[in-house]
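Quick look at protein-v4.csv (CSV, C-alpha atoms):
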chain,number,residue,atom,x,y,z
M,1457,MET,CA,45.8,53.8,-19.2
M,1458,SER,CA,48.9,52.5,-17.4
M,1459,ASP,CA,50.2,51.1,-20.7
M,1460,ILE,CA,50.2,54.6,-22.2
M,1461,ARG,CA,51.1,56.8,-19.2
M,1462,TRP,CA,51.1,56.4,-15.5
M,1463,ALA,CA,48.7,59.3,-15.0
M,1464,TRP,CA,45.0,59.4,-15.9
M,1465,ALA,CA,41.6,60.7,-14.9
M,1466,GLU,CA,38.8,58.2,-14.3
M,1467,ILE,CA,35.4,59.6,-15.1
M,1468,ASP,CA,32.5,57.9,-13.4
M,1469,LEU,CA,29.5,58.2,-15.8
M,1470,GLY,CA,27.4,56.4,-13.2
M,1471,ALA,CA,28.0,59.4,-10.9
M,1472,ILE,CA,27.0,61.8,-13.6
M,1473,ALA,CA,23.7,59.9,-14.1
M,1474,HIS,CA,23.2,59.8,-10.4
M,1475,ASN,CA,23.7,63.5,-10.0
M,1476,ILE,CA,21.3,64.3,-12.9
M,1477,GLY,CA,18.7,62.2,-11.1
M,1478,VAL,CA,19.2,64.0,-7.8
M,1479,LEU,CA,18.8,67.4,-9.5
M,1480,ARG,CA,15.8,66.3,-11.5
M,1481,GLU,CA,14.1,65.2,-8.3
M,1482,ARG,CA,15.1,68.3,-6.4
M,1483,VAL,CA,13.9,70.9,-9.0
M,1484,ALA,CA,10.9,69.1,-10.4
M,1485,PRO,CA,8.7,70.1,-12.3
M,1486,ALA,CA,11.5,72.3,-13.8
M,1487,ALA,CA,13.6,70.6,-16.5
M,1488,VAL,CA,17.3,70.1,-16.1
M,1489,TRP,CA,19.7,71.2,-18.8
M,1490,ALA,CA,23.3,70.0,-18.4
M,1491,VAL,CA,26.1,72.5,-18.9
M,1492,VAL,CA,28.9,70.7,-20.7
M,1493,LYS,CA,31.1,73.6,-21.8
M,1494,ALA,CA,34.9,73.5,-21.3
M,1495,ASP,CA,34.9,69.8,-22.3
M,1496,GLY,CA,32.3,69.0,-19.7
M,1497,TYR,CA,34.3,70.9,-17.0
M,1498,GLY,CA,37.2,68.7,-17.9
M,1499,HIS,CA,35.3,65.4,-17.7
M,1500,GLY,CA,34.8,64.9,-21.4
M,1501,ALA,CA,31.9,66.7,-23.1
M,1502,PHE,CA,30.6,63.9,-25.3
M,1503,ASP,CA,30.5,61.2,-22.6
M,1504,VAL,CA,28.9,63.6,-20.1
M,1505,ALA,CA,26.4,64.9,-22.6
M,1506,ARG,CA,25.3,61.4,-23.7
M,1507,THR,CA,25.0,60.3,-20.1
M,1508,ALA,CA,23.1,63.4,-19.0
M,1509,ILE,CA,20.6,63.1,-21.8
M,1510,SER,CA,20.1,59.4,-21.1
M,1511,ALA,CA,19.6,60.2,-17.4
M,1512,GLY,CA,16.8,62.7,-18.2
M,1513,ALA,CA,18.4,66.0,-18.9
M,1514,GLU,CA,16.3,67.7,-21.6
M,1515,GLY,CA,19.0,69.8,-23.2
M,1516,LEU,CA,22.6,70.9,-23.1
M,1517,CYS,CA,24.4,74.3,-22.6
M,1518,VAL,CA,27.8,75.2,-24.1
M,1519,ALA,CA,29.9,78.4,-24.2
M,1520,LEU,CA,31.3,78.2,-27.8
M,1521,VAL,CA,30.0,77.4,-31.2
M,1522,GLN,CA,32.8,74.9,-31.7
M,1523,GLU,CA,31.7,73.0,-28.6
M,1524,GLY,CA,28.2,72.7,-30.0
M,1525,ILE,CA,29.5,71.6,-33.4
M,1526,GLU,CA,31.6,68.9,-31.8
M,1527,LEU,CA,28.6,67.5,-30.0
M,1528,ARG,CA,26.5,67.5,-33.2
M,1529,ARG,CA,29.3,65.7,-35.1
M,1530,ALA,CA,29.5,63.1,-32.3
M,1531,GLY,CA,25.9,62.3,-32.8
M,1532,ILE,CA,24.2,64.4,-30.0
M,1533,ASP,CA,20.8,65.4,-31.3
M,1534,ALA,CA,19.4,67.1,-28.1
M,1535,PRO,CA,18.8,70.9,-28.0
M,1536,ILE,CA,22.1,72.8,-27.4
M,1537,LEU,CA,22.0,76.3,-26.0
M,1538,LEU,CA,24.9,78.7,-26.6
M,1539,LEU,CA,25.1,80.7,-23.4
M,1540,THR,CA,26.3,84.0,-24.9
M,1541,GLU,CA,26.3,85.7,-28.3
M,1542,GLN,CA,29.1,84.5,-30.6
M,1543,PRO,CA,31.1,86.3,-33.3
M,1544,LEU,CA,28.8,87.5,-36.1
M,1545,GLU,CA,30.7,85.3,-38.6
M,1546,ALA,CA,29.6,82.2,-36.6
M,1547,ALA,CA,26.0,82.7,-37.5
M,1548,THR,CA,26.2,80.3,-40.5
M,1549,HIS,CA,27.5,77.5,-38.2
M,1550,ILE,CA,24.8,78.1,-35.6
M,1551,VAL,CA,22.1,77.7,-38.2
M,1552,GLU,CA,23.7,74.8,-40.0
M,1553,HIS,CA,24.2,72.8,-36.8
M,1554,ARG,CA,20.8,73.6,-35.2
M,1555,LEU,CA,22.3,75.4,-32.2
M,1556,THR,CA,20.1,77.6,-30.1
M,1557,PRO,CA,21.7,81.1,-29.8
M,1558,THR,CA,21.5,83.4,-26.9
M,1559,VAL,CA,20.8,87.0,-28.0
M,1560,TYR,CA,20.9,90.5,-26.7
M,1561,ARG,CA,22.0,92.8,-29.6
M,1562,ARG,CA,20.1,93.7,-32.7
M,1563,GLU,CA,23.3,93.3,-34.9
M,1564,TYR,CA,23.4,89.7,-33.8
M,1565,LEU,CA,19.8,89.1,-34.7
M,1566,ASP,CA,20.5,90.5,-38.2
M,1567,ALA,CA,23.4,88.2,-38.6
M,1568,LEU,CA,21.3,85.2,-37.8
M,1569,VAL,CA,18.4,86.3,-40.1
M,1570,ALA,CA,20.9,86.7,-42.9
M,1571,GLU,CA,21.5,82.9,-42.8
M,1572,ARG,CA,17.8,82.5,-43.8
M,1573,PRO,CA,16.7,80.2,-40.9
M,1574,VAL,CA,13.1,79.3,-40.5
M,1575,GLY,CA,11.8,79.4,-36.9
M,1576,LEU,CA,15.2,79.4,-35.3
M,1577,PRO,CA,14.6,79.4,-31.5
M,1578,VAL,CA,16.6,82.1,-29.6
M,1579,HIS,CA,16.9,82.8,-25.9
M,1580,LEU,CA,17.0,86.4,-24.7
M,1581,MET,CA,19.5,87.0,-22.0
M,1582,VAL,CA,18.8,89.8,-19.5
M,1583,ASP,CA,21.6,91.3,-17.3
M,1584,THR,CA,20.1,91.7,-13.9
M,1585,GLY,CA,23.3,92.4,-12.0
M,1586,MET,CA,26.1,90.1,-13.1
M,1587,GLN,CA,27.2,92.9,-15.4
M,1588,ARG,CA,29.0,90.6,-17.8
M,1589,VAL,CA,26.8,90.2,-20.9
M,1590,GLY,CA,23.1,90.5,-21.6
M,1591,ALA,CA,20.4,93.1,-22.5
M,1592,HIS,CA,20.0,95.8,-19.9
M,1593,PRO,CA,16.6,95.5,-18.2
M,1594,HIS,CA,15.4,98.8,-19.7
M,1595,VAL,CA,16.0,97.6,-23.3
M,1596,ALA,CA,15.1,93.9,-23.0
M,1597,ALA,CA,11.5,94.4,-24.1
M,1598,SER,CA,12.6,96.2,-27.2
M,1599,VAL,CA,15.1,93.4,-28.0
M,1600,ALA,CA,12.3,90.9,-27.6
M,1601,ALA,CA,10.2,93.0,-30.0
M,1602,SER,CA,13.0,93.0,-32.5
M,1603,ILE,CA,13.0,89.2,-32.3
M,1604,THR,CA,9.3,89.1,-33.0
M,1605,GLU,CA,9.7,91.4,-35.9
M,1606,ARG,CA,12.1,89.0,-37.5
M,1607,ALA,CA,9.6,86.2,-37.6
M,1608,PRO,CA,9.3,83.7,-39.2
M,1609,ALA,CA,13.1,83.5,-39.4
M,1610,LEU,CA,13.5,83.8,-35.6
M,1611,ARG,CA,11.2,82.9,-32.6
M,1612,LEU,CA,11.6,83.9,-29.0
M,1613,ALA,CA,11.8,80.5,-27.3
M,1614,GLY,CA,13.4,81.5,-24.0
M,1615,ALA,CA,14.4,84.3,-21.7
M,1616,PHE,CA,16.9,84.0,-18.9
M,1617,THR,CA,19.3,85.7,-16.5
M,1618,HIS,CA,22.4,84.6,-14.6
M,1619,PHE,CA,23.1,85.0,-10.8
M,1620,ALA,CA,26.3,86.5,-9.5
M,1621,ILE,CA,26.4,85.1,-6.0
M,1622,ALA,CA,23.8,82.4,-5.6
M,1623,ASP,CA,26.4,80.2,-3.9
M,1624,ASP,CA,26.7,82.6,-1.0
M,1625,ASP,CA,24.1,82.2,1.8
M,1626,SER,CA,24.9,85.4,3.6
M,1627,ASP,CA,22.1,87.9,4.2
M,1628,ASP,CA,23.7,90.5,1.8
M,1629,ALA,CA,24.2,87.9,-0.9
M,1630,SER,CA,20.7,86.6,-0.6
M,1631,GLU,CA,19.4,90.2,-0.8
M,1632,PHE,CA,21.3,90.7,-4.0
M,1633,THR,CA,19.9,87.5,-5.5
M,1634,ASP,CA,16.4,88.6,-4.4
M,1635,GLY,CA,17.0,91.8,-6.3
M,1636,GLN,CA,18.1,90.0,-9.4
M,1637,LEU,CA,15.0,87.9,-9.3
M,1638,GLU,CA,12.8,90.9,-8.8
M,1639,THR,CA,14.4,92.7,-11.8
M,1640,PHE,CA,14.0,89.6,-13.9
M,1641,GLY,CA,10.3,89.4,-13.0
M,1642,GLN,CA,9.8,93.1,-13.9
M,1643,VAL,CA,11.4,92.4,-17.3
M,1644,LEU,CA,9.2,89.3,-17.9
M,1645,ALA,CA,6.1,91.4,-17.2
M,1646,ARG,CA,7.0,93.5,-20.2
M,1647,LEU,CA,7.7,90.6,-22.6
M,1648,PRO,CA,5.3,88.6,-24.7
M,1649,PRO,CA,4.6,85.1,-23.4
M,1650,VAL,CA,7.9,83.1,-23.5
M,1651,PRO,CA,7.8,79.3,-23.5
M,1652,THR,CA,11.0,78.7,-21.5
M,1653,LEU,CA,12.3,80.8,-18.6
M,1654,HIS,CA,15.4,80.0,-16.6
M,1655,ALA,CA,17.7,81.7,-14.1
M,1656,ALA,CA,19.1,79.0,-11.8
M,1657,ASN,CA,22.6,77.8,-12.0
M,1658,SER,CA,23.7,74.8,-9.9
M,1659,ALA,CA,23.8,76.9,-6.7
M,1660,ALA,CA,20.4,78.4,-7.2
M,1661,ALA,CA,18.9,75.2,-8.4
M,1662,LEU,CA,19.8,73.6,-5.1
M,1663,SER,CA,19.0,76.6,-2.8
M,1664,ARG,CA,16.4,78.8,-4.4
M,1665,PRO,CA,13.1,77.2,-5.4
M,1666,ASP,CA,11.9,80.6,-6.5
M,1667,SER,CA,14.5,80.7,-9.3
M,1668,ARG,CA,13.8,77.4,-11.0
M,1669,PHE,CA,11.1,78.6,-13.5
M,1670,SER,CA,10.8,76.2,-16.5
M,1671,MET,CA,14.3,74.8,-16.3
M,1672,VAL,CA,17.7,75.0,-14.5
M,1673,ARG,CA,21.1,75.2,-16.0
M,1674,ALA,CA,23.0,72.6,-14.0
M,1675,GLY,CA,26.8,72.8,-14.3
M,1676,ILE,CA,29.2,72.0,-11.5
M,1677,ALA,CA,26.6,70.0,-9.5
M,1678,ILE,CA,26.3,67.4,-12.2
M,1679,TYR,CA,30.0,66.6,-11.8
M,1680,GLY,CA,29.4,66.1,-8.0
M,1681,ILE,CA,31.2,69.2,-6.9
M,1682,SER,CA,29.7,71.8,-4.6
M,1683,PRO,CA,29.1,75.3,-6.2
M,1684,GLY,CA,30.5,76.9,-3.1
M,1685,PRO,CA,30.6,76.8,0.7
M,1686,GLY,CA,27.3,78.5,1.1
M,1687,VAL,CA,25.5,75.5,-0.4
M,1688,ASP,CA,27.8,72.7,0.8
M,1689,HIS,CA,25.0,71.4,3.0
M,1690,LEU,CA,22.8,70.8,0.0
M,1691,CYS,CA,25.3,68.7,-1.9
M,1692,SER,CA,25.6,65.6,0.3
M,1693,ASP,CA,23.7,63.5,-2.2
M,1694,LEU,CA,26.0,64.4,-5.1
M,1695,ARG,CA,28.8,62.0,-6.1
M,1696,PRO,CA,32.1,63.3,-7.5
M,1697,ALA,CA,32.6,62.0,-11.0
M,1698,MET,CA,36.4,62.6,-11.5
M,1699,GLU,CA,39.2,60.8,-9.9
M,1700,LEU,CA,42.8,61.9,-10.8
M,1701,LYS,CA,45.1,59.0,-10.5
M,1702,ALA,CA,48.7,58.0,-11.2
M,1703,ARG,CA,51.4,55.4,-10.3
M,1704,VAL,CA,54.6,55.8,-8.5
M,1705,SER,CA,57.4,56.2,-11.0
M,1706,PHE,CA,60.5,56.3,-8.7
M,1707,VAL,CA,61.3,55.7,-5.0
M,1708,LYS,CA,64.4,56.9,-3.2
M,1709,GLN,CA,65.6,57.3,0.4
M,1710,VAL,CA,66.6,60.8,1.4
M,1711,ARG,CA,68.6,62.0,4.4
M,1712,SER,CA,67.6,64.4,7.1
M,1713,GLY,CA,68.8,67.9,6.2
M,1714,SER,CA,68.7,67.4,2.4
M,1715,ARG,CA,66.5,69.6,0.2
M,1716,ILE,CA,64.3,68.9,-2.8
M,1717,SER,CA,62.9,70.2,-6.1
M,1718,TYR,CA,63.3,73.6,-7.8
M,1719,GLY,CA,64.5,76.3,-5.5
M,1720,LEU,CA,65.3,73.6,-2.8
M,1721,ARG,CA,62.4,75.1,-0.7
M,1722,HIS,CA,61.7,72.0,1.3
M,1723,ARG,CA,64.3,70.7,3.8
M,1724,PHE,CA,63.7,67.2,5.4
M,1725,ASP,CA,63.9,67.1,9.1
M,1726,ARG,CA,64.4,63.3,9.2
M,1727,ASP,CA,65.4,60.4,7.0
M,1728,THR,CA,62.5,59.3,4.9
M,1729,THR,CA,61.2,57.7,1.8
M,1730,VAL,CA,60.3,59.9,-1.2
M,1731,ALA,CA,58.2,58.8,-4.1
M,1732,THR,CA,58.1,60.6,-7.5
M,1733,ILE,CA,54.7,60.9,-9.2
M,1734,PRO,CA,54.8,61.4,-13.0
M,1735,LEU,CA,52.5,64.4,-13.4
M,1736,GLY,CA,52.8,68.1,-12.7
M,1737,TYR,CA,51.5,71.6,-13.3
M,1738,ALA,CA,51.3,71.0,-17.1
M,1739,ASP,CA,48.7,68.3,-16.2
M,1740,GLY,CA,46.7,70.6,-13.9
M,1741,VAL,CA,48.3,70.0,-10.5
M,1742,PRO,CA,48.9,73.6,-9.2
M,1743,ARG,CA,52.6,74.4,-8.7
M,1744,ARG,CA,52.2,75.7,-5.2
M,1745,LEU,CA,50.0,72.9,-3.9
M,1746,HIS,CA,53.0,71.8,-1.8
M,1747,ALA,CA,52.9,75.2,0.1
M,1748,VAL,CA,49.3,74.8,1.2
M,1749,GLY,CA,49.4,71.3,2.7
M,1750,GLY,CA,48.7,69.4,-0.5
M,1751,ALA,CA,49.0,65.6,-0.3
M,1752,VAL,CA,48.2,62.4,-2.3
M,1753,LEU,CA,47.0,59.0,-1.2
M,1754,ILE,CA,49.2,56.0,-1.5
M,1755,GLY,CA,48.3,52.8,0.3
M,1756,GLY,CA,45.3,54.5,2.0
M,1757,ARG,CA,47.6,57.0,3.7
M,1758,ARG,CA,48.1,60.7,3.1
M,1759,CYS,CA,51.5,61.5,1.8
M,1760,PRO,CA,52.4,65.2,1.7
M,1761,ILE,CA,53.8,66.9,-1.4
M,1762,VAL,CA,57.4,68.0,-0.8
M,1763,GLY,CA,59.0,70.7,-2.8
M,1764,VAL,CA,57.4,72.7,-5.6
M,1765,VAL,CA,55.4,70.7,-8.2
M,1766,THR,CA,57.3,70.7,-11.4
M,1767,MET,CA,56.0,70.7,-15.0
M,1768,ASP,CA,55.8,66.9,-15.4
M,1769,GLN,CA,56.6,65.4,-12.0
M,1770,MET,CA,56.0,65.9,-8.3
M,1771,MET,CA,57.5,64.3,-5.1
M,1772,VAL,CA,55.7,63.1,-2.0
M,1773,ASP,CA,57.0,62.1,1.5
M,1774,CYS,CA,56.0,58.5,2.3
M,1775,GLY,CA,57.7,58.3,5.7
M,1776,ASP,CA,58.5,54.8,6.8
M,1777,HIS,CA,55.8,53.1,4.7
M,1778,ASP,CA,56.7,50.5,2.1
M,1779,VAL,CA,56.2,52.1,-1.3
M,1780,ARG,CA,57.2,50.7,-4.6
M,1781,VAL,CA,57.3,51.7,-8.3
M,1782,GLY,CA,53.9,51.1,-9.9
M,1783,ASP,CA,51.9,51.6,-6.7
M,1784,ASP,CA,48.6,53.3,-7.1
M,1785,VAL,CA,48.4,57.0,-6.3
M,1786,THR,CA,45.2,59.0,-5.9
M,1787,LEU,CA,45.4,62.8,-6.2
M,1788,LEU,CA,41.7,63.4,-6.3
M,1789,GLY,CA,39.4,60.7,-5.2
M,1790,ALA,CA,39.3,58.0,-2.5
M,1791,GLN,CA,41.3,55.1,-1.2
M,1792,THR,CA,40.7,52.6,1.6
M,1793,ALA,CA,42.8,53.2,4.7
M,1794,PRO,CA,44.6,50.4,6.5
M,1795,ASP,CA,41.8,50.5,9.2
M,1796,GLY,CA,39.1,49.9,6.5
M,1797,SER,CA,37.8,53.5,6.5
M,1798,THR,CA,37.6,55.6,3.4
M,1799,ILE,CA,40.0,58.5,3.0
M,1800,ARG,CA,39.2,61.1,0.3
M,1801,ILE,CA,40.7,64.1,-1.3
M,1802,ARG,CA,38.2,66.3,-3.1
M,1803,ALA,CA,38.5,69.1,-5.7
M,1804,GLU,CA,36.9,71.3,-3.1
M,1805,ASP,CA,39.8,70.5,-0.7
M,1806,TRP,CA,42.4,71.7,-3.2
M,1807,ALA,CA,40.2,74.7,-4.0
M,1808,ALA,CA,39.9,75.7,-0.3
M,1809,SER,CA,43.6,75.4,0.2
M,1810,LEU,CA,44.4,77.5,-2.9
M,1811,ASP,CA,41.7,80.1,-2.4
M,1812,THR,CA,39.9,79.2,-5.6
M,1813,ILE,CA,36.8,77.1,-6.6
M,1814,GLY,CA,36.3,73.5,-7.5
M,1815,TYR,CA,35.4,74.5,-11.0
M,1816,GLU,CA,39.0,75.7,-11.7
M,1817,ILE,CA,40.5,72.5,-10.3
M,1818,VAL,CA,38.6,70.1,-12.6
M,1819,CYS,CA,38.7,72.4,-15.6
M,1820,GLY,CA,42.4,72.7,-15.1
M,1821,VAL,CA,43.2,69.0,-15.5
M,1822,SER,CA,44.9,69.3,-18.9
M,1823,SER,CA,44.3,67.4,-22.1
M,1824,ARG,CA,47.6,65.6,-21.5
M,1825,ILE,CA,45.8,63.5,-19.0
M,1826,PRO,CA,43.8,60.6,-20.6
M,1827,ARG,CA,40.2,60.4,-19.6
M,1828,VAL,CA,39.0,56.9,-18.8
M,1829,PRO,CA,35.2,56.7,-18.6
M,1830,ARG,CA,33.7,54.0,-16.4
M,1831,ARG,CA,30.3,53.4,-14.9
M,1832,SER,CA,30.1,52.5,-11.2
M,1833,ILE,CA,27.8,49.7,-10.4
M,1834,ASP,CA,26.5,51.2,-7.1
M,1835,TYR,CA,25.0,54.5,-8.4
Let me see whether you can do it: turn the structure in this file into structure tokens.
Amino acid sequence: MSDIRWAWAEIDLGAIAHNIGVLRERVAPAAVWAVVKADGYGHGAFDVARTAISAGAEGLCVALVQEGIELRRAGIDAPILLLTEQPLEAATHIVEHRLTPTVYRREYLDALVAERPVGLPVHLMVDTGMQRVGAHPHVAASVAASITERAPALRLAGAFTHFAIADDDSDDASEFTDGQLETFGQVLARLPPVPTLHAANSAAALSRPDSRFSMVRAGIAIYGISPGPGVDHLCSDLRPAMELKARVSFVKQVRSGSRISYGLRHRFDRDTTVATIPLGYADGVPRRLHAVGGAVLIGGRRCPIVGVVTMDQMMVDCGDHDVRVGDDVTLLGAQTAPDGSTIRIRAEDWAASLDTIGYEIVCGVSSRIPRVPRRSIDY
């Protein structure tokens, strides 16, 4: 995309396919459904969805009706699960576009039935401790009965719950997840037979065989990013799918003692070379990345960010190295160092520095950044 803008994100669809394969092998015989909400966690929902299905994912999960509609209009015919209830007014679109709704309120069931579906599959969500959405365990059986009463318009095709801290391997966290599983099991004992059961997100799919049931909802792992430090050791086979890249747009020499960027917060302690990179916080590069040791790769070397990241541009200290306008810059991804080794900056690295999670980093890469899909030949 250098002919349009000197900043872009390369999306390796080969890595997506590889990661789906890793997860399928890891969780078998459970099925893998790929979570492609938020535009495929910033990777491009259509390309990710098509690749995931081709690689063996049996269904897709989204957060919003509009996300499901866009996939249908793009030609995706696989099952698409809406992960939460939607506005009642959206029921007509759910039925029209053959989306699978998650349910936990009778009012929502009535809105779906009013659209006159026949055999619409629904999944009952049970809140076992996340306390976000879902039927309370004490009323889940009655909601399930309400679904059965609305046959043949609706049918109970699935039941699931969602873990709060499956990415944490501490004893307290594991005990809480154990409790969620126990509560879910108690609920299931009071339900009629349900064809599809699911509880595992990426973290649980990797770390909790007892949570896999019929299928797992794999999100961040299919993009090659660890769900959290507690499961990092289980992610070594995953390949990151996004590389955030740019080209140097300007090079200048600066003097020792001079300062740079808004607020003049960085003072140079030596003469050096500074390169300007044409993307900033409007593109998803956190404004304070400079303050937590953020860097980019140019010529296989780490070049620290100097001064606050601005809306459309950022500056990096290249030291005594020969840097020129048009040189390749890697913000997330890998380059080959002068000694032949590979040097990498991961979304998890930014996340750790900024006290956040890898999800936020990749989802934050804005729509101003063109996505360039490719398929690596070695995955």
Quiz item: What is the distance between CA of Thr1507 in chain M and CA of Gly1524 in chain M, in Å to one decimal?
Solution: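 These two atoms are separated by 16.2 Å.
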Self-check item: Spatial neighbours of range 1597-1612 of chain M, 6 Å, all atoms listed in the file, chain gap at least 2 places, as JSON, numbers by chain
Solution: {"M": [1573, 1574, 1575, 1576, 1577, 1578, 1595, 1614, 1647]}
Let me see the file: selected residues, C-alpha atoms, as a PDB file, in the frame of the given file.
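Result file follows (part13.pdb):
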ATOM      1  CA  PRO M1573      16.700  80.200 -40.900  1.00  0.00           C
ATOM      2  CA  VAL M1574      13.100  79.300 -40.500  1.00  0.00           C
ATOM      3  CA  GLY M1575      11.800  79.400 -36.900  1.00  0.00           C
ATOM      4  CA  LEU M1576      15.200  79.400 -35.300  1.00  0.00           C
ATOM      5  CA  PRO M1577      14.600  79.400 -31.500  1.00  0.00           C
ATOM      6  CA  VAL M1578      16.600  82.100 -29.600  1.00  0.00           C
ATOM      7  CA  VAL M1595      16.000  97.600 -23.300  1.00  0.00           C
ATOM      8  CA  GLY M1614      13.400  81.500 -24.000  1.00  0.00           C
ATOM      9  CA  LEU M1647       7.700  90.600 -22.600  1.00  0.00           C
TER      10      LEU M1647
END
Self-check item: 10 Å contact set for Asp1811 in chain M, only C-alpha atoms, chain neighbours under 5 positions out, as a PyMOL selection string
Solution: chain M and resi 1748+1805-1806
Practice problem: Considering all atoms listed in the file, state which residue in the set M:Thr1617, M:Gly1498, M:Ala1790, M:Tyr1564 is at the smallest distance from Arg1695 in chain M. | Solution: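 Smallest distance to Arg1695 in chain M is found for M:Ala1790.
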Quiz item: Skipping near chain neighbours, those fewer than 4 positions away, what residues fall within 9 Å of range 1627-1639 of chain M using only C-alpha atoms, listed as a list in words?
Solution: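 Counting only C-alpha atoms, the residues come to Asp1583, Thr1584, Gly1585, Met1586, Pro1593, Thr1617, His1618, Phe1619, Ala1620, Ile1621, Ala1622, Asp1623, Val1643, Leu1644, Ala1655, Asp1666 and Ser1667 of chain M.
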Quiz item: What gap, in Å, lies between CA of Ile1536 in chain M and CA of Val1518 in chain M?
Solution: 7.0 Å
Practice problem: Name the closest residue to Leu1753 in chain M among the candidates M:His1689, M:Arg1506, M:Arg1802, M:His1499; distances are taken between atoms, counting all atoms listed in the file. | Solution: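 Residue with the minimum atom-to-atom distance to Leu1753 in chain M: M:Arg1802.
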Practice problem: Name the residues in contact with Phe1706 in chain M at a cut-off of 9 Å, using only C-alpha atoms, excluding same-chain residues fewer than 5 positions from it; report them as an MDAnalysis selection string. | Solution: chainID M and resid 1730:1734 1780:1782
Quiz item: Leaving out Ser1717 in chain M and any residue of its chain fewer than 3 positions from it, which residues lie within 8 Å of it when counting only C-alpha atoms, given as JSON, numbers by chain?
Solution: {"M": [1720, 1721, 1722, 1762, 1763, 1764, 1765, 1766]}
Taking C-alpha atoms for each residue, export the selection above as a PDB file, in the coordinates of the input.
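What ended up in selection-v2.pdb:
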ATOM      1  CA  LEU M1720      65.300  73.600  -2.800  1.00  0.00           C
ATOM      2  CA  ARG M1721      62.400  75.100  -0.700  1.00  0.00           C
ATOM      3  CA  HIS M1722      61.700  72.000   1.300  1.00  0.00           C
ATOM      4  CA  VAL M1762      57.400  68.000  -0.800  1.00  0.00           C
ATOM      5  CA  GLY M1763      59.000  70.700  -2.800  1.00  0.00           C
ATOM      6  CA  VAL M1764      57.400  72.700  -5.600  1.00  0.00           C
ATOM      7  CA  VAL M1765      55.400  70.700  -8.200  1.00  0.00           C
ATOM      8  CA  THR M1766      57.300  70.700 -11.400  1.00  0.00           C
TER       9      THR M1766
END
Quiz item: If you measure from CA of Gln1791 in chain M to CA of Gly1756 in chain M, what distance in Å do you get, rounded to one decimal?
Solution: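 Separation between CA of Gln1791 in chain M and CA of Gly1756 in chain M: 5.2 Å.
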Quiz item: Nearest to Ala1674 in chain M: which of M:Ile1761, M:Ile1716, M:Ala1463, M:Val1492 is it, counting only C-alpha atoms?
Solution: M:Val1492
Self-check item: Among listed residues M:Val1672, M:Met1698, M:Ala1677, M:Val1818, nearest Ala1486 in chain M (using all atoms listed in the file)
Solution: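 So, comparing all the options, the nearest one is M:Val1672.
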Exercise. Name the residues, using the chain letters and numbers of the file, that sit within 8 Å of (37.3, 74.2, -6.8) when counting only C-alpha atoms, and give them as a ChimeraX atom specification.
Key: /M:1681,1803-1808,1812-1818
Practice problem: Determine the nearest neighbour of Ile1799 in chain M from the options M:Arg1723, M:Arg1824, M:Arg1831, M:Arg1757, counting all atoms listed in the file. | Solution: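 Among M:Arg1723, M:Arg1824, M:Arg1831, M:Arg1757, it is M:Arg1757 that comes nearest to Ile1799 in chain M.
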Kindly reconstruct range 1500-1510 of chain M with N, CA and C atoms and present the result as a CSV table (one decimal), keeping the file's coordinate frame.
chain,number,residue,atom,x,y,z
M,1500,GLY,N,35.1,65.5,-20.1
M,1500,GLY,CA,34.8,64.9,-21.4
M,1500,GLY,C,33.4,65.2,-21.9
M,1501,ALA,N,33.2,66.2,-22.8
M,1501,ALA,CA,31.9,66.7,-23.1
M,1501,ALA,C,31.0,65.6,-23.7
M,1502,PHE,N,31.5,64.8,-24.6
M,1502,PHE,CA,30.6,63.9,-25.3
M,1502,PHE,C,30.1,62.8,-24.4
M,1503,ASP,N,30.9,62.2,-23.6
M,1503,ASP,CA,30.5,61.2,-22.6
M,1503,ASP,C,29.5,61.8,-21.6
M,1504,VAL,N,29.8,63.0,-21.1
M,1504,VAL,CA,28.9,63.6,-20.1
M,1504,VAL,C,27.6,63.9,-20.8
M,1505,ALA,N,27.6,64.5,-22.0
M,1505,ALA,CA,26.4,64.9,-22.6
M,1505,ALA,C,25.5,63.7,-22.9
M,1506,ARG,N,26.1,62.6,-23.4
M,1506,ARG,CA,25.3,61.4,-23.7
M,1506,ARG,C,24.7,60.8,-22.4
M,1507,THR,N,25.5,60.8,-21.4
M,1507,THR,CA,25.0,60.3,-20.1
M,1507,THR,C,23.9,61.1,-19.5
M,1508,ALA,N,24.1,62.5,-19.6
M,1508,ALA,CA,23.1,63.4,-19.0
M,1508,ALA,C,21.8,63.3,-19.7
M,1509,ILE,N,21.8,63.2,-21.0
M,1509,ILE,CA,20.6,63.1,-21.8
M,1509,ILE,C,19.9,61.7,-21.5
M,1510,SER,N,20.7,60.7,-21.4
M,1510,SER,CA,20.1,59.4,-21.1
M,1510,SER,C,19.5,59.3,-19.7
